[in-house]
Amino acid sequence: MAVFVDTHCHLDAPEFGAEMPQVRARAQLRGVALCVIPAVAASNFAAVRELAHLQGDAYALGIHPMCTGDALDEHLSLLDAELARRRDDPRLVAVGEIGLDFFVEGLDADKQEHFFHTQLQLARKHELPVIIHVRRSVDKVLKHLRQVAPGQKWRGIAHAFNGSAQQAQACIDLGLKLGFGGAVTFERALQLRRLAATLPLEAMVMETDSPDIQPHWLYRTQAERDAGEPQGRNEPGELPRIADVVAGLRGIDAAALAEATTRNAVAALPRLSALIGVSAERPRPA
């Protein structure tokens with residue numbers, strides 16, 4: 001069976017509730033060996049850490065751009081302290097989910113940028129990779145990455161990437177891997193599917209963003225929801241099926257995609273290596 005890493009799933013979300021252990025068990029049976037669970041606010045730092053340890057998964061600590069409205073500067077100090085406190089925890093693999101979101105209305109752009117910039121500085125201070133939210137914000141994200149570490153590369157992931165080919169290459173040039181998930185399963189997502197088909201394989205990682213970003217087989221339109229059909233809930237166990245779509249777009253088999261994207265996940269988040277026993281190095285020919 002192909003072995004996958006879900007590099008981004010919010011298993012602490014209330015949508016899972018008491019069913020979360022069954023959700024994780026289903027994913028394990030389908031070949032998802034490890035999940036990365038990012039925090040979104042200071043209030044769930046403990047929850048993601050405890051969940052990762054309970055399930056044998058990994059976690060990241062950070063403040064999501066959509067949560068900056070209620071965030072205070074003291075929460076950045078709390079993050080700094082928690083990163084220091086957990087510095088030797090092998091399951092802490094990144095600073096995240098951090099970033100910028102210029103799609104959702106009503107968010108304070110300046111405050112988002114302040115929190116993002118400071119968290120990038122904390123990632124450098126604590127020598128951790130980053131997991132970055134880049135919705136409608138790739139160019140500004142790149143600007144901050146270059147300002148915080150001029151002339152240097154980063155380790156980490158541009159989560160749910162959906163930018164242009166030029167923006168994709170700029171992220172890759174800075175050292176980031178690009179996350180692909182349920183959005184790529186929609187036939188109308190032409191640009192995203194072109195990227196999935198043509199980007200260097202070593203630049204890609206797989207993710208679900210569970211319980212969000214449903215693949216097309218779980219998604220319900222507004223009309224369907226108005227007619228009483230519930231919106232499908234995404235979960236890590238959907239990752240192999242999403243990967244089948246990406247593998248088909250690239251003309252490779254799912255096992256090859258799993259091997260490559262798992263290796264790429266380790267390259268982006270090196271502490272994963274000790275958790276799943278996979279090296280970021282390409283296997284040498286016999």
# chains A, B, ... in the order shown; residues from 1 in each chain; ligands from 1
>>> residues_around(residues="range 7-24 of chain A", least_positions_apart="3", cutoff="10 Å", atoms="only C-alpha atoms", output="PDB file with C-alpha atoms, in the first residue's frame")
ATOM      1  CA  PHE A   4       1.116   9.195   2.479  1.00  0.00           C
ATOM      2  CA  ALA A  27      -6.943   7.312   7.369  1.00  0.00           C
ATOM      3  CA  GLN A  28      -4.374   4.889   8.777  1.00  0.00           C
ATOM      4  CA  LEU A  29      -6.102   1.945   7.080  1.00  0.00           C
ATOM      5  CA  ARG A  30      -5.999   3.830   3.778  1.00  0.00           C
ATOM      6  CA  VAL A  32      -2.037   7.897   5.648  1.00  0.00           C
ATOM      7  CA  ALA A  33       0.876   7.173   7.972  1.00  0.00           C
ATOM      8  CA  LEU A  34       1.102  10.606   9.565  1.00  0.00           C
ATOM      9  CA  CYS A  35      -0.879  13.839   9.816  1.00  0.00           C
ATOM     10  CA  VAL A  36       0.441  17.328  10.545  1.00  0.00           C
ATOM     11  CA  ILE A  37      -2.019  19.251  12.734  1.00  0.00           C
ATOM     12  CA  PRO A  38      -1.469  23.040  12.636  1.00  0.00           C
ATOM     13  CA  ALA A  39      -2.717  25.379  15.341  1.00  0.00           C
ATOM     14  CA  VAL A  40      -4.750  28.423  14.329  1.00  0.00           C
ATOM     15  CA  ASN A  44      -5.519  25.678  20.608  1.00  0.00           C
ATOM     16  CA  ALA A  47      -5.005  20.902  21.874  1.00  0.00           C
ATOM     17  CA  VAL A  48      -2.942  20.240  18.747  1.00  0.00           C
ATOM     18  CA  ARG A  49       0.097  19.214  20.777  1.00  0.00           C
ATOM     19  CA  GLU A  50      -1.865  16.783  22.925  1.00  0.00           C
ATOM     20  CA  LEU A  51      -3.683  15.349  19.908  1.00  0.00           C
ATOM     21  CA  ALA A  52      -0.450  14.797  17.995  1.00  0.00           C
ATOM     22  CA  LEU A  54      -2.072  10.901  21.533  1.00  0.00           C
ATOM     23  CA  GLN A  55      -2.254   9.731  17.920  1.00  0.00           C
ATOM     24  CA  ASP A  57       1.127  12.491  14.613  1.00  0.00           C
ATOM     25  CA  ALA A  58       2.910  15.869  14.285  1.00  0.00           C
ATOM     26  CA  TYR A  59       1.858  19.444  15.009  1.00  0.00           C
ATOM     27  CA  ALA A  60       2.699  23.066  14.272  1.00  0.00           C
ATOM     28  CA  GLY A  96       2.011  27.335  11.394  1.00  0.00           C
ATOM     29  CA  GLU A  97      -0.593  27.885  10.257  1.00  0.00           C
ATOM     30  CA  ILE A 131       3.378  26.312   7.056  1.00  0.00           C
ATOM     31  CA  ILE A 157       4.986  24.596   2.712  1.00  0.00           C
ATOM     32  CA  HIS A 159      -0.481  25.475   1.927  1.00  0.00           C
ATOM     33  CA  ALA A 160      -3.358  25.011  -0.563  1.00  0.00           C
ATOM     34  CA  GLY A 179       0.495  21.816  -0.987  1.00  0.00           C
ATOM     35  CA  PHE A 180      -2.148  20.142  -3.175  1.00  0.00           C
ATOM     36  CA  GLY A 181      -5.488  18.875  -1.898  1.00  0.00           C
ATOM     37  CA  VAL A 205       3.288  17.706  -1.077  1.00  0.00           C
ATOM     38  CA  MET A 206      -0.186  16.324  -0.406  1.00  0.00           C
ATOM     39  CA  GLU A 207      -2.706  17.640   2.118  1.00  0.00           C
ATOM     40  CA  THR A 208      -6.427  17.646   2.865  1.00  0.00           C
ATOM     41  CA  ASP A 209      -6.999  20.726   5.061  1.00  0.00           C
ATOM     42  CA  SER A 210      -9.641  18.565   6.763  1.00  0.00           C
ATOM     43  CA  PRO A 211     -12.441  19.213   7.478  1.00  0.00           C
ATOM     44  CA  ASP A 212     -12.350  21.882   4.733  1.00  0.00           C
ATOM     45  CA  ARG A 233     -16.868  16.631   5.602  1.00  0.00           C
ATOM     46  CA  ASN A 234     -13.328  16.192   4.375  1.00  0.00           C
ATOM     47  CA  GLU A 235     -10.967  13.951   6.346  1.00  0.00           C
ATOM     48  CA  PRO A 236      -7.406  12.594   6.005  1.00  0.00           C
ATOM     49  CA  GLY A 237      -8.689   9.279   4.675  1.00  0.00           C
ATOM     50  CA  THR A 261       5.433  13.527  -1.880  1.00  0.00           C
ATOM     51  CA  THR A 262       6.253  11.800   1.409  1.00  0.00           C
ATOM     52  CA  ALA A 265       7.181  16.424   3.121  1.00  0.00           C
ATOM     53  CA  VAL A 266      10.271  15.336   5.042  1.00  0.00           C
ATOM     54  CA  ALA A 268       9.976  20.596   3.975  1.00  0.00           C
ATOM     55  CA  LEU A 269       9.528  19.515   7.611  1.00  0.00           C
TER      56      LEU A 269
END
>>> atom_distance(atom1="CA of Phe186 in chain A", atom2="CA of Cys171 in chain A")
23.5 Å
>>> residues_around(residues="Val95 in chain A", least_positions_apart="4", cutoff="7 Å", atoms="only C-alpha atoms", output="ChimeraX atom specification")
/A:60-62,123,128-131
>>> write_last_selection(atoms="C-alpha atoms", output="PDB file, in the first residue's frame")
ATOM      1  CA  ALA A  60       2.699  23.066  14.272  1.00  0.00           C
ATOM      2  CA  LEU A  61       2.145  26.181  16.374  1.00  0.00           C
ATOM      3  CA  GLY A  62       1.039  29.504  14.970  1.00  0.00           C
ATOM      4  CA  ALA A 123      10.392  30.694  12.944  1.00  0.00           C
ATOM      5  CA  LEU A 128      11.717  25.833  12.440  1.00  0.00           C
ATOM      6  CA  PRO A 129      10.062  25.561   9.011  1.00  0.00           C
ATOM      7  CA  VAL A 130       6.828  27.390   8.221  1.00  0.00           C
ATOM      8  CA  ILE A 131       3.378  26.312   7.056  1.00  0.00           C
TER       9      ILE A 131
END
>>> atom_distance(atom1="CA of Ser273 in chain A", atom2="CA of Ala203 in chain A")
17.4 Å
>>> closest_residue(among="A:Arg155, A:Arg193, A:His133, A:His53", to="Leu249 in chain A", atoms="only C-alpha atoms")
A:Arg193
>>> select_by_dssp(residues="range 43-200 of chain A", states="strand (DSSP E)", output="PyMOL selection string")
chain A and resi 58-61+92-101+130-135+156-159+177-180
>>> closest_residue(among="A:Ala183, A:Leu195, A:Ala158, A:Leu120", to="Ile132 in chain A", atoms="only C-alpha atoms")
A:Ala158
>>> residues_around(residues="Ala149 in chain A", least_positions_apart="3", cutoff="10 Å", atoms="only C-alpha atoms", output="VMD selection string")
chain A and resid 120 to 121 124 144 to 146 152 to 154
>>> residues_around(residues="Glu82 in chain A", least_positions_apart="6", cutoff="10 Å", atoms="only C-alpha atoms", output="number ranges by chain")
A: 42, 45-46, 61, 76
>>> closest_residue(among="A:Leu178, A:Ala280, A:Leu122, A:Ala247", to="Arg263 in chain A", atoms="only C-alpha atoms")
A:Ala280
>>> atom_distance(atom1="CA of Arg188 in chain A", atom2="CA of Arg250 in chain A")
17.0 Å
>>> residues_around(residues="Ala168 in chain A", least_positions_apart="2", cutoff="10 Å", atoms="only C-alpha atoms", output="PyMOL selection string")
chain A and resi 138+158+161-166+170-173+176-178+195+199+203
>>> write_last_selection(atoms="C-alpha atoms", output="PDB file, in the first residue's frame")
ATOM      1  CA  VAL A 138       1.260  34.970  -2.681  1.00  0.00           C
ATOM      2  CA  ALA A 158       2.791  27.039   0.820  1.00  0.00           C
ATOM      3  CA  PHE A 161      -1.370  26.738  -3.283  1.00  0.00           C
ATOM      4  CA  ASN A 162      -3.539  28.196  -6.045  1.00  0.00           C
ATOM      5  CA  GLY A 163      -1.445  30.896  -7.664  1.00  0.00           C
ATOM      6  CA  SER A 164       0.138  31.366 -11.074  1.00  0.00           C
ATOM      7  CA  ALA A 165       2.983  29.361 -12.555  1.00  0.00           C
ATOM      8  CA  GLN A 166       5.291  32.337 -11.962  1.00  0.00           C
ATOM      9  CA  ALA A 170       9.017  32.019  -6.923  1.00  0.00           C
ATOM     10  CA  CYS A 171       7.887  29.941  -3.938  1.00  0.00           C
ATOM     11  CA  ILE A 172       9.988  27.004  -5.109  1.00  0.00           C
ATOM     12  CA  ASP A 173      13.002  29.267  -5.604  1.00  0.00           C
ATOM     13  CA  LEU A 176       9.019  26.072  -0.240  1.00  0.00           C
ATOM     14  CA  LYS A 177       7.016  23.011  -1.243  1.00  0.00           C
ATOM     15  CA  LEU A 178       3.498  23.527  -2.588  1.00  0.00           C
ATOM     16  CA  LEU A 195       0.290  23.141 -12.088  1.00  0.00           C
ATOM     17  CA  LEU A 199       5.412  21.352 -11.650  1.00  0.00           C
ATOM     18  CA  ALA A 203       8.086  20.614  -5.337  1.00  0.00           C
TER      19      ALA A 203
END
